[in-house]
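Novice: Below is the file final_2.cif, with mmCIF, C-alpha atoms.
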```cif
data_target
#
loop_
_atom_site.label_atom_id
_atom_site.label_comp_id
_atom_site.auth_asym_id
_atom_site.auth_seq_id
_atom_site.Cartn_x
_atom_site.Cartn_y
_atom_site.Cartn_z
CA MET B 1 6.76 42.64 59.95
CA LYS B 2 5.46 44.51 56.92
CA GLN B 3 2.19 46.36 57.43
CA VAL B 4 -0.52 45.11 55.07
CA GLU B 5 -2.37 47.77 53.08
CA ASP B 6 -6.14 48.12 53.39
CA ASP B 7 -6.67 47.40 49.69
CA GLU B 8 -4.93 44.06 50.09
CA ILE B 9 -7.05 43.22 53.14
CA LEU B 10 -10.25 44.09 51.27
CA GLU B 11 -9.16 42.08 48.24
CA LYS B 12 -8.41 39.04 50.39
CA PHE B 13 -11.71 39.47 52.23
CA SER B 14 -13.65 39.39 48.98
CA ASN B 15 -12.24 35.91 48.25
CA GLU B 16 -13.97 33.24 50.33
CA LYS B 17 -10.74 31.20 50.64
CA THR B 18 -8.76 34.10 52.13
CA SER B 19 -11.47 36.00 54.02
CA ASN B 20 -10.44 34.60 57.43
CA GLU B 21 -6.81 35.52 56.78
CA ALA B 22 -7.92 39.01 55.73
CA PHE B 23 -9.92 39.48 58.90
CA ASN B 24 -6.96 38.35 61.03
CA LEU B 25 -4.78 40.89 59.21
CA LEU B 26 -7.37 43.59 59.81
CA ILE B 27 -7.53 42.77 63.52
CA SER B 28 -3.77 42.72 63.92
CA LYS B 29 -3.53 46.07 62.12
CA TYR B 30 -6.30 47.93 63.96
CA GLN B 31 -7.14 46.19 67.23
CA GLU B 32 -4.75 48.14 69.45
CA LYS B 33 -5.74 51.54 67.99
CA ILE B 34 -9.43 50.73 68.37
CA TYR B 35 -8.92 49.41 71.90
CA TRP B 36 -7.28 52.64 73.06
CA HIS B 37 -9.89 54.78 71.33
CA VAL B 38 -12.69 52.86 73.07
CA ARG B 39 -10.80 52.72 76.37
CA ARG B 40 -10.41 56.50 76.48
CA LEU B 41 -14.16 56.82 76.07
CA VAL B 42 -15.43 54.13 78.45
CA ILE B 43 -12.40 54.13 80.80
CA ASP B 44 -12.88 50.60 82.15
CA HIS B 45 -10.54 47.95 80.68
CA ASP B 46 -13.10 45.12 80.77
CA ASP B 47 -15.79 47.27 79.15
CA ALA B 48 -13.31 48.36 76.47
CA ASP B 49 -12.31 44.74 75.80
CA ASP B 50 -15.94 43.71 75.41
CA LEU B 51 -16.71 46.66 73.15
CA VAL B 52 -13.70 46.00 70.92
CA GLN B 53 -14.95 42.45 70.43
CA GLU B 54 -18.39 43.80 69.53
CA VAL B 55 -16.81 46.28 67.11
CA PHE B 56 -14.91 43.58 65.27
CA ILE B 57 -17.97 41.32 65.16
CA LYS B 58 -19.86 44.18 63.48
CA VAL B 59 -16.93 44.79 61.15
CA TRP B 60 -16.88 41.07 60.20
CA LYS B 61 -20.61 41.06 59.50
CA SER B 62 -20.53 44.31 57.52
CA LEU B 63 -17.20 44.23 55.73
CA ALA B 64 -18.70 42.75 52.56
CA LYS B 65 -20.93 45.86 52.35
CA PHE B 66 -18.01 48.29 52.81
CA ARG B 67 -18.26 50.68 49.83
CA ASN B 68 -14.81 52.29 50.01
CA ASP B 69 -16.45 55.74 50.44
CA SER B 70 -13.96 56.37 53.23
CA LYS B 71 -10.77 54.82 54.51
CA LEU B 72 -11.21 51.43 56.12
CA TYR B 73 -9.80 52.74 59.39
CA THR B 74 -12.24 55.66 59.40
CA TRP B 75 -15.12 53.24 58.87
CA ILE B 76 -13.97 50.95 61.71
CA TYR B 77 -13.34 53.97 63.92
CA ARG B 78 -16.90 55.18 63.30
CA ILE B 79 -18.28 51.78 64.33
CA ALA B 80 -16.13 51.85 67.47
CA THR B 81 -17.24 55.38 68.30
CA ASN B 82 -20.91 54.55 67.84
CA GLU B 83 -20.61 51.37 69.92
CA SER B 84 -18.89 53.32 72.71
CA ILE B 85 -21.49 56.08 72.72
CA THR B 86 -24.30 53.51 72.69
CA PHE B 87 -22.65 51.71 75.62
CA LEU B 88 -22.32 54.93 77.64
CA ASN B 89 -25.93 55.91 76.89
CA LYS B 90 -27.17 52.47 77.97
CA LYS B 91 -25.10 52.74 81.14
CA LYS B 92 -26.64 56.15 81.80
CA GLN B 93 -30.18 54.84 81.19
CA ARG B 94 -29.65 51.59 83.10
CA ASN B 95 -28.54 53.49 86.17
CA GLN B 96 -30.95 56.37 85.47
CA THR B 97 -27.95 58.56 86.05
CA PRO B 98 -27.30 61.99 84.56
CA LEU B 99 -24.31 61.99 82.19
CA ASP B 100 -22.18 64.15 84.50
CA GLU B 101 -22.62 61.54 87.25
CA VAL B 102 -21.66 58.78 84.80
CA SER B 103 -18.49 60.78 84.10
CA GLU B 104 -17.88 61.03 87.85
CA GLU B 105 -18.38 57.28 88.17
CA LEU B 106 -15.93 56.68 85.30
CA SER B 107 -13.43 59.00 86.98
CA GLU B 108 -13.70 57.01 90.21
CA SER B 109 -13.22 53.73 88.34
CA LEU B 110 -10.15 55.23 86.66
CA VAL B 111 -8.61 55.99 90.05
CA ALA B 112 -9.35 52.46 91.28
CA SER B 113 -8.26 50.70 88.06
CA SER B 114 -5.30 48.37 88.24
CA TYR B 115 -4.95 48.81 84.46
CA PHE B 116 -4.14 52.53 84.71
CA ASN B 117 -0.47 53.07 85.39
CA GLY B 118 -0.06 56.76 84.66
CA ASP B 119 1.40 59.38 86.96
CA LYS B 120 -0.60 62.05 88.82
CA ILE B 121 -0.57 64.49 85.92
CA GLN B 122 -1.85 61.84 83.51
CA MET B 123 -4.56 60.97 86.04
CA LYS B 124 -5.55 64.66 86.27
CA LEU B 125 -5.69 64.91 82.49
CA GLN B 126 -7.99 61.89 82.34
CA GLN B 127 -10.20 63.39 85.05
CA ALA B 128 -10.25 66.69 83.14
CA LEU B 129 -11.34 64.81 80.03
CA LEU B 130 -14.11 63.12 81.96
CA SER B 131 -15.37 66.53 83.04
CA LEU B 132 -15.98 67.46 79.38
CA PRO B 133 -19.29 66.93 77.60
CA GLU B 134 -19.25 63.65 75.68
CA LYS B 135 -18.83 65.15 72.19
CA GLN B 136 -15.99 67.47 73.24
CA ARG B 137 -14.22 64.55 74.94
CA LEU B 138 -14.65 62.44 71.84
CA ILE B 139 -13.28 65.17 69.55
CA PHE B 140 -10.37 65.90 71.89
CA ASN B 141 -9.43 62.22 72.06
CA MET B 142 -9.57 61.83 68.29
CA LYS B 143 -7.46 64.93 67.65
CA TYR B 144 -5.00 64.78 70.55
CA TYR B 145 -4.47 61.07 71.14
CA ASP B 146 -5.27 59.52 67.77
CA ASP B 147 -3.82 62.43 65.78
CA LEU B 148 -6.68 62.36 63.30
CA LYS B 149 -7.12 65.22 60.88
CA TYR B 150 -10.28 67.32 61.14
CA ASP B 151 -11.60 65.97 57.84
CA GLU B 152 -11.21 62.39 59.15
CA ILE B 153 -13.04 63.29 62.36
CA SER B 154 -15.71 64.99 60.27
CA ALA B 155 -16.21 61.78 58.26
CA ILE B 156 -16.46 59.71 61.45
CA LEU B 157 -18.82 62.00 63.36
CA GLY B 158 -20.71 63.61 60.48
CA THR B 159 -19.93 67.09 61.83
CA SER B 160 -18.52 70.07 59.94
CA VAL B 161 -14.81 70.82 60.23
CA GLY B 162 -15.58 74.30 61.60
CA ALA B 163 -17.73 72.88 64.40
CA LEU B 164 -15.02 70.33 65.20
CA LYS B 165 -12.34 73.01 65.44
CA ALA B 166 -14.55 75.07 67.75
CA SER B 167 -15.33 72.05 69.95
CA PHE B 168 -11.66 71.10 70.15
CA HIS B 169 -10.67 74.65 71.08
CA ILE B 170 -13.34 74.83 73.79
CA ALA B 171 -12.29 71.42 75.13
CA VAL B 172 -8.65 72.51 75.35
CA LYS B 173 -9.64 75.66 77.24
CA LYS B 174 -11.80 73.66 79.69
CA ILE B 175 -8.95 71.20 80.27
CA GLU B 176 -6.54 74.08 80.92
CA VAL B 177 -8.93 75.60 83.46
CA PHE B 178 -9.46 72.21 85.15
CA MET B 179 -5.71 71.57 85.37
CA LEU B 180 -4.91 75.06 86.68
CA ASN B 181 -7.74 75.10 89.22
CA ASP B 182 -6.81 71.68 90.46
CA GLU B 183 -3.03 72.03 90.35
CA ILE B 184 -2.81 72.18 94.16
CA SER B 185 -3.71 68.50 94.42
CA ILE B 186 -1.31 67.32 91.69
#
```
Give the structure from the file, written as structure tokens.

Specialist:
Amino acid sequence: MKQVEDDEILEKFSNEKTSNEAFNLLISKYQEKIYWHVRRLVIDHDDADDLVQEVFIKVWKSLAKFRNDSKLYTWIYRIATNESITFLNKKKQRNQTPLDEVSEELSESLVASSYFNGDKIQMKLQQALLSLPEKQRLIFNMKYYDDLKYDEISAILGTSVGALKASFHIAVKKIEVFMLNDEISI
């Protein structure tokens, strides 16, 4: 099936008769990418599913206001990132739990998840990621898993490219240390 271009989706969305079709095209094009981005941040499958629905509801409500200042995917990605961070912050506040304990809780839910089917090394990598501060984890995921360019990440997070490169480098070093220090249990 031919991939529909963003311009075509936006054009169809601007026409009342084809706006539902456009939104269905948008979902089929981006839902899986957004799901995995959110899932890597919140870990839990059910939470990720709920958040992806919220993301696309926000996209539906706001798409008419999209100004084409950035790529459509970057804009959706920013909404997904903000929703995920808001969710994690609410979870932290609701439980009155420090962020490092929330990360520990997420790590435990990853181990218990029937939706995670990776091997031991993949599990260790996920646990290493959960040991990172939230922003470093977010930047690492965007660069490593989603293969975004630094300028795209900069547009999503509103952070300078230099700061992103530094955060990514530090995250990689921390992951290396985590993996090497914990290699006995792999």

Novice: Taking the file as I've supplied it (selection: the PyMOL selection byres ((chain B and resi 63) around 12)), which residues are included? Please answer as JSON, numbers by chain.

Specialist: {"B": [6, 9, 10, 11, 12, 13, 14, 19, 20, 22, 23, 26, 55, 56, 57, 58, 59, 60, 61, 62, 64, 65, 66, 67, 68, 72, 73, 75, 76, 79]}

Novice: Which residues match the PyMOL selection byres ((chain B and resi 135-150) around 12) in the file above, as JSON, numbers by chain?

Specialist: {"B": [32, 33, 34, 35, 36, 37, 38, 39, 40, 41, 42, 73, 74, 77, 78, 80, 81, 82, 84, 85, 99, 103, 125, 126, 127, 128, 129, 130, 131, 132, 133, 134, 151, 152, 153, 154, 155, 156, 157, 158, 159, 160, 161, 162, 163, 164, 165, 166, 167, 168, 169, 170, 171, 172, 173, 174, 175]}

Novice: How many Å separate CA of Gln31 in chain B from CA of Val52 in chain B?

Specialist: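 Value for the CA of Gln31 in chain B-CA of Val52 in chain B distance: 7.5 Å.
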
Novice: Kindly give the distance, in Å, that separates CA of Ala48 in chain B and CA of Phe178 in chain B, rounded to a single decimal.

Specialist: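 CA of Ala48 in chain B sits 25.7 Å away from CA of Phe178 in chain B.
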
Novice: Go ahead and compute the interatomic distance for CA of Ile121 in chain B and CA of Leu51 in chain B, in Å to one decimal.

Specialist: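 Spanning CA of Ile121 in chain B to CA of Leu51 in chain B is a straight-line distance of 27.2 Å.
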
Novice: Would you list the residues near (-2.5, 40.2, 59.4), meaning any protein, DNA or RNA residue with an atom at most 10 Å from that point in file coordinates, counting all atoms listed in the file, as an MDAnalysis selection string?

Specialist: chainID B and resid 1:5 9 20:30

Novice: For range 155-177 of chain B, where the input has fewer atoms than it should, I would like N, CA and C atoms rebuilt and written as a PDB file, keeping the file's coordinate frame.

Specialist:
```pdb
ATOM      1  N   ALA B 155     -15.630  62.970  58.917  1.00  0.00           N
ATOM      2  CA  ALA B 155     -16.210  61.780  58.260  1.00  0.00           C
ATOM      3  C   ALA B 155     -16.734  60.787  59.291  1.00  0.00           C
ATOM      4  N   ILE B 156     -16.049  60.668  60.415  1.00  0.00           N
ATOM      5  CA  ILE B 156     -16.460  59.710  61.450  1.00  0.00           C
ATOM      6  C   ILE B 156     -17.709  60.196  62.170  1.00  0.00           C
ATOM      7  N   LEU B 157     -17.726  61.477  62.541  1.00  0.00           N
ATOM      8  CA  LEU B 157     -18.820  62.000  63.360  1.00  0.00           C
ATOM      9  C   LEU B 157     -19.937  62.669  62.554  1.00  0.00           C
ATOM     10  N   GLY B 158     -19.694  62.945  61.284  1.00  0.00           N
ATOM     11  CA  GLY B 158     -20.710  63.610  60.480  1.00  0.00           C
ATOM     12  C   GLY B 158     -20.943  65.046  60.931  1.00  0.00           C
ATOM     13  N   THR B 159     -19.867  65.715  61.349  1.00  0.00           N
ATOM     14  CA  THR B 159     -19.930  67.090  61.830  1.00  0.00           C
ATOM     15  C   THR B 159     -19.018  67.950  60.957  1.00  0.00           C
ATOM     16  N   SER B 160     -19.349  69.207  60.777  1.00  0.00           N
ATOM     17  CA  SER B 160     -18.520  70.070  59.940  1.00  0.00           C
ATOM     18  C   SER B 160     -17.156  70.308  60.584  1.00  0.00           C
ATOM     19  N   VAL B 161     -16.172  70.563  59.752  1.00  0.00           N
ATOM     20  CA  VAL B 161     -14.810  70.820  60.230  1.00  0.00           C
ATOM     21  C   VAL B 161     -14.788  72.046  61.138  1.00  0.00           C
ATOM     22  N   GLY B 162     -15.535  73.086  60.773  1.00  0.00           N
ATOM     23  CA  GLY B 162     -15.580  74.300  61.600  1.00  0.00           C
ATOM     24  C   GLY B 162     -16.104  74.019  62.999  1.00  0.00           C
ATOM     25  N   ALA B 163     -17.165  73.229  63.087  1.00  0.00           N
ATOM     26  CA  ALA B 163     -17.730  72.880  64.400  1.00  0.00           C
ATOM     27  C   ALA B 163     -16.742  72.037  65.201  1.00  0.00           C
ATOM     28  N   LEU B 164     -16.014  71.159  64.515  1.00  0.00           N
ATOM     29  CA  LEU B 164     -15.020  70.330  65.200  1.00  0.00           C
ATOM     30  C   LEU B 164     -13.890  71.177  65.774  1.00  0.00           C
ATOM     31  N   LYS B 165     -13.417  72.126  64.970  1.00  0.00           N
ATOM     32  CA  LYS B 165     -12.340  73.010  65.440  1.00  0.00           C
ATOM     33  C   LYS B 165     -12.791  73.806  66.655  1.00  0.00           C
ATOM     34  N   ALA B 166     -14.018  74.304  66.614  1.00  0.00           N
ATOM     35  CA  ALA B 166     -14.550  75.070  67.750  1.00  0.00           C
ATOM     36  C   ALA B 166     -14.668  74.176  68.984  1.00  0.00           C
ATOM     37  N   SER B 167     -15.192  72.974  68.817  1.00  0.00           N
ATOM     38  CA  SER B 167     -15.330  72.050  69.950  1.00  0.00           C
ATOM     39  C   SER B 167     -13.976  71.682  70.536  1.00  0.00           C
ATOM     40  N   PHE B 168     -13.000  71.440  69.670  1.00  0.00           N
ATOM     41  CA  PHE B 168     -11.660  71.100  70.150  1.00  0.00           C
ATOM     42  C   PHE B 168     -11.069  72.260  70.943  1.00  0.00           C
ATOM     43  N   HIS B 169     -11.200  73.470  70.409  1.00  0.00           N
ATOM     44  CA  HIS B 169     -10.670  74.650  71.080  1.00  0.00           C
ATOM     45  C   HIS B 169     -11.319  74.841  72.463  1.00  0.00           C
ATOM     46  N   ILE B 170     -12.622  74.697  72.519  1.00  0.00           N
ATOM     47  CA  ILE B 170     -13.340  74.830  73.790  1.00  0.00           C
ATOM     48  C   ILE B 170     -12.897  73.740  74.768  1.00  0.00           C
ATOM     49  N   ALA B 171     -12.734  72.514  74.273  1.00  0.00           N
ATOM     50  CA  ALA B 171     -12.290  71.420  75.130  1.00  0.00           C
ATOM     51  C   ALA B 171     -10.913  71.694  75.711  1.00  0.00           C
ATOM     52  N   VAL B 172     -10.004  72.200  74.880  1.00  0.00           N
ATOM     53  CA  VAL B 172      -8.650  72.510  75.350  1.00  0.00           C
ATOM     54  C   VAL B 172      -8.708  73.573  76.437  1.00  0.00           C
ATOM     55  N   LYS B 173      -9.519  74.593  76.237  1.00  0.00           N
ATOM     56  CA  LYS B 173      -9.640  75.660  77.240  1.00  0.00           C
ATOM     57  C   LYS B 173     -10.200  75.103  78.560  1.00  0.00           C
ATOM     58  N   LYS B 174     -11.212  74.251  78.485  1.00  0.00           N
ATOM     59  CA  LYS B 174     -11.800  73.660  79.690  1.00  0.00           C
ATOM     60  C   LYS B 174     -10.777  72.781  80.424  1.00  0.00           C
ATOM     61  N   ILE B 175      -9.981  72.049  79.664  1.00  0.00           N
ATOM     62  CA  ILE B 175      -8.950  71.200  80.270  1.00  0.00           C
ATOM     63  C   ILE B 175      -7.907  72.073  80.969  1.00  0.00           C
ATOM     64  N   GLU B 176      -7.506  73.153  80.309  1.00  0.00           N
ATOM     65  CA  GLU B 176      -6.540  74.080  80.920  1.00  0.00           C
ATOM     66  C   GLU B 176      -7.073  74.619  82.240  1.00  0.00           C
ATOM     67  N   VAL B 177      -8.326  75.057  82.238  1.00  0.00           N
ATOM     68  CA  VAL B 177      -8.930  75.600  83.460  1.00  0.00           C
ATOM     69  C   VAL B 177      -8.976  74.518  84.545  1.00  0.00           C
TER      70      VAL B 177
END
```
